[in-house]
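> Structure provided below as structure tokens; questions to follow.
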Amino acid sequence: MADIRKIKTKKNIEMAFVTLLNERNFKSITVEEICKQAMTSRSTFYLHYLDKYDLLNQLVETQFSVFEKIVDKRIEGLISGQFEETITHFYNELVNNKQIIRALFTINEPKFNLKQKFEDTLYQISIG
């Protein structure tokens with residue numbers, strides 16, 4: 001069973017990072033600032049992440065994984081004729097993650113480009 005404190009700490013660090021991303025660009029953000037915003041120590045940060053790039057990578061991969069699952073479910077719903085319910089659920093899922101998605105969309109580094117990953121996924125489905 002997962003330790004709830006570790007989950008909360010990780011969530012606090014992620015949300016602190018997202019808050020900072022909404023204020024400034026990624027390259028100017030430091031681990032020290034993330035820790036200060038999250039009210040945690042650097043040693044705690046490094047228990048969960050190698051560096052800020054690892055934090056960014058984990059956030060991007062998590063959001064992309066959620067997006068892929070949502071899209072797959074929605075396609076199944078559309079095929080089965082549940083159009084209104086499917087679109088409403090898809091919309092709600094995106095709205096719930098809006099703050100994180102918006103912050104990650106500001107990052108244009110190829111390896112961490114969530115917006116491009118979303119676009120590529122939707123493009124593949126459209127030609128699919």
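Chain labels follow the order of the structure tokens: the first chain is A, the next B, and so on; residue numbering restarts at 1 in every chain, and ligands are counted from 1 in their shown order.
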I'd like to know which residues of chain A are alpha helix (DSSP H) (by DSSP, run on the backbone); could you write them as an NGL selection string?

:A and (4-23 or 31-38 or 42-48 or 52-79 or 83-96 or 98-105 or 114-127)

> Using the selection just defined, write its residues with C-alpha atoms as a tab-separated table (two decimals), in the first residue's frame.


```tsv
chain	number	residue	atom	x	y	z
A	4	ILE	CA	-0.18	8.71	1.77
A	5	ARG	CA	2.49	11.16	2.98
A	6	LYS	CA	4.68	10.39	-0.03
A	7	ILE	CA	1.75	10.84	-2.37
A	8	LYS	CA	0.84	14.18	-0.77
A	9	THR	CA	4.44	15.38	-0.82
A	10	LYS	CA	4.81	14.48	-4.48
A	11	LYS	CA	1.51	16.22	-5.30
A	12	ASN	CA	2.64	19.34	-3.38
A	13	ILE	CA	5.90	19.45	-5.32
A	14	GLU	CA	4.08	19.00	-8.63
A	15	MET	CA	1.55	21.72	-7.88
A	16	ALA	CA	4.29	24.08	-6.69
A	17	PHE	CA	6.08	23.48	-9.96
A	18	VAL	CA	2.90	24.10	-11.97
A	19	THR	CA	2.30	27.34	-10.05
A	20	LEU	CA	5.81	28.50	-10.88
A	21	LEU	CA	5.38	27.50	-14.54
A	22	ASN	CA	2.30	29.71	-14.70
A	23	GLU	CA	4.42	32.63	-13.45
A	31	VAL	CA	14.77	23.29	-7.53
A	32	GLU	CA	15.23	25.61	-4.56
A	33	GLU	CA	12.24	27.70	-5.69
A	34	ILE	CA	10.12	24.60	-6.24
A	35	CYS	CA	10.96	23.39	-2.73
A	36	LYS	CA	10.20	26.78	-1.21
A	37	GLN	CA	6.83	26.93	-3.02
A	38	ALA	CA	6.04	23.35	-1.96
A	42	ARG	CA	15.66	19.78	-1.20
A	43	SER	CA	16.44	16.32	0.19
A	44	THR	CA	12.74	15.45	0.07
A	45	PHE	CA	12.55	16.74	-3.50
A	46	TYR	CA	15.48	14.51	-4.48
A	47	LEU	CA	13.81	11.47	-2.92
A	48	HIS	CA	11.15	11.79	-5.64
A	52	LYS	CA	13.61	19.59	-12.37
A	53	TYR	CA	13.81	17.87	-15.77
A	54	ASP	CA	12.80	14.57	-14.19
A	55	LEU	CA	9.89	16.32	-12.47
A	56	LEU	CA	8.86	17.85	-15.79
A	57	ASN	CA	9.20	14.53	-17.58
A	58	GLN	CA	7.08	12.71	-15.01
A	59	LEU	CA	4.36	15.36	-15.21
A	60	VAL	CA	4.33	15.30	-19.02
A	61	GLU	CA	4.24	11.50	-19.15
A	62	THR	CA	1.46	11.33	-16.55
A	63	GLN	CA	-0.68	13.90	-18.36
A	64	PHE	CA	-0.03	12.25	-21.71
A	65	SER	CA	-0.97	8.84	-20.34
A	66	VAL	CA	-4.21	10.25	-18.91
A	67	PHE	CA	-4.95	11.94	-22.24
A	68	GLU	CA	-4.39	8.74	-24.21
A	69	LYS	CA	-6.72	6.81	-21.90
A	70	ILE	CA	-9.37	9.52	-22.18
A	71	VAL	CA	-9.13	9.57	-25.96
A	72	ASP	CA	-9.32	5.76	-26.19
A	73	LYS	CA	-12.41	5.69	-23.96
A	74	ARG	CA	-14.04	8.50	-25.89
A	75	ILE	CA	-13.47	6.81	-29.24
A	76	GLU	CA	-15.10	3.66	-27.86
A	77	GLY	CA	-18.02	5.77	-26.59
A	78	LEU	CA	-18.47	7.47	-29.93
A	79	ILE	CA	-18.42	4.14	-31.76
A	83	PHE	CA	-21.99	10.91	-28.25
A	84	GLU	CA	-23.25	13.44	-25.67
A	85	GLU	CA	-22.05	11.46	-22.65
A	86	THR	CA	-18.71	10.81	-24.32
A	87	ILE	CA	-18.03	14.45	-25.22
A	88	THR	CA	-19.15	15.66	-21.78
A	89	HIS	CA	-16.84	13.21	-20.02
A	90	PHE	CA	-13.90	14.10	-22.30
A	91	TYR	CA	-14.45	17.80	-21.63
A	92	ASN	CA	-14.70	17.30	-17.86
A	93	GLU	CA	-11.47	15.30	-17.75
A	94	LEU	CA	-9.60	18.05	-19.60
A	95	VAL	CA	-11.09	20.77	-17.40
A	96	ASN	CA	-10.03	18.89	-14.25
A	98	LYS	CA	-6.58	22.42	-17.04
A	99	GLN	CA	-4.06	24.14	-14.76
A	100	ILE	CA	-1.42	21.46	-15.27
A	101	ILE	CA	-2.05	21.12	-19.01
A	102	ARG	CA	-1.94	24.89	-19.55
A	103	ALA	CA	1.37	25.16	-17.68
A	104	LEU	CA	2.92	22.22	-19.54
A	105	PHE	CA	1.77	23.61	-22.90
A	114	LEU	CA	2.98	17.87	-24.14
A	115	LYS	CA	1.09	19.98	-26.67
A	116	GLN	CA	2.86	18.23	-29.54
A	117	LYS	CA	2.16	14.82	-27.99
A	118	PHE	CA	-1.54	15.68	-27.75
A	119	GLU	CA	-1.58	16.92	-31.35
A	120	ASP	CA	0.25	13.82	-32.62
A	121	THR	CA	-2.21	11.54	-30.83
A	122	LEU	CA	-5.24	13.30	-32.27
A	123	TYR	CA	-3.66	13.36	-35.72
A	124	GLN	CA	-2.98	9.62	-35.60
A	125	ILE	CA	-6.61	8.96	-34.64
A	126	SER	CA	-7.90	11.22	-37.42
A	127	ILE	CA	-5.93	9.36	-40.10
```
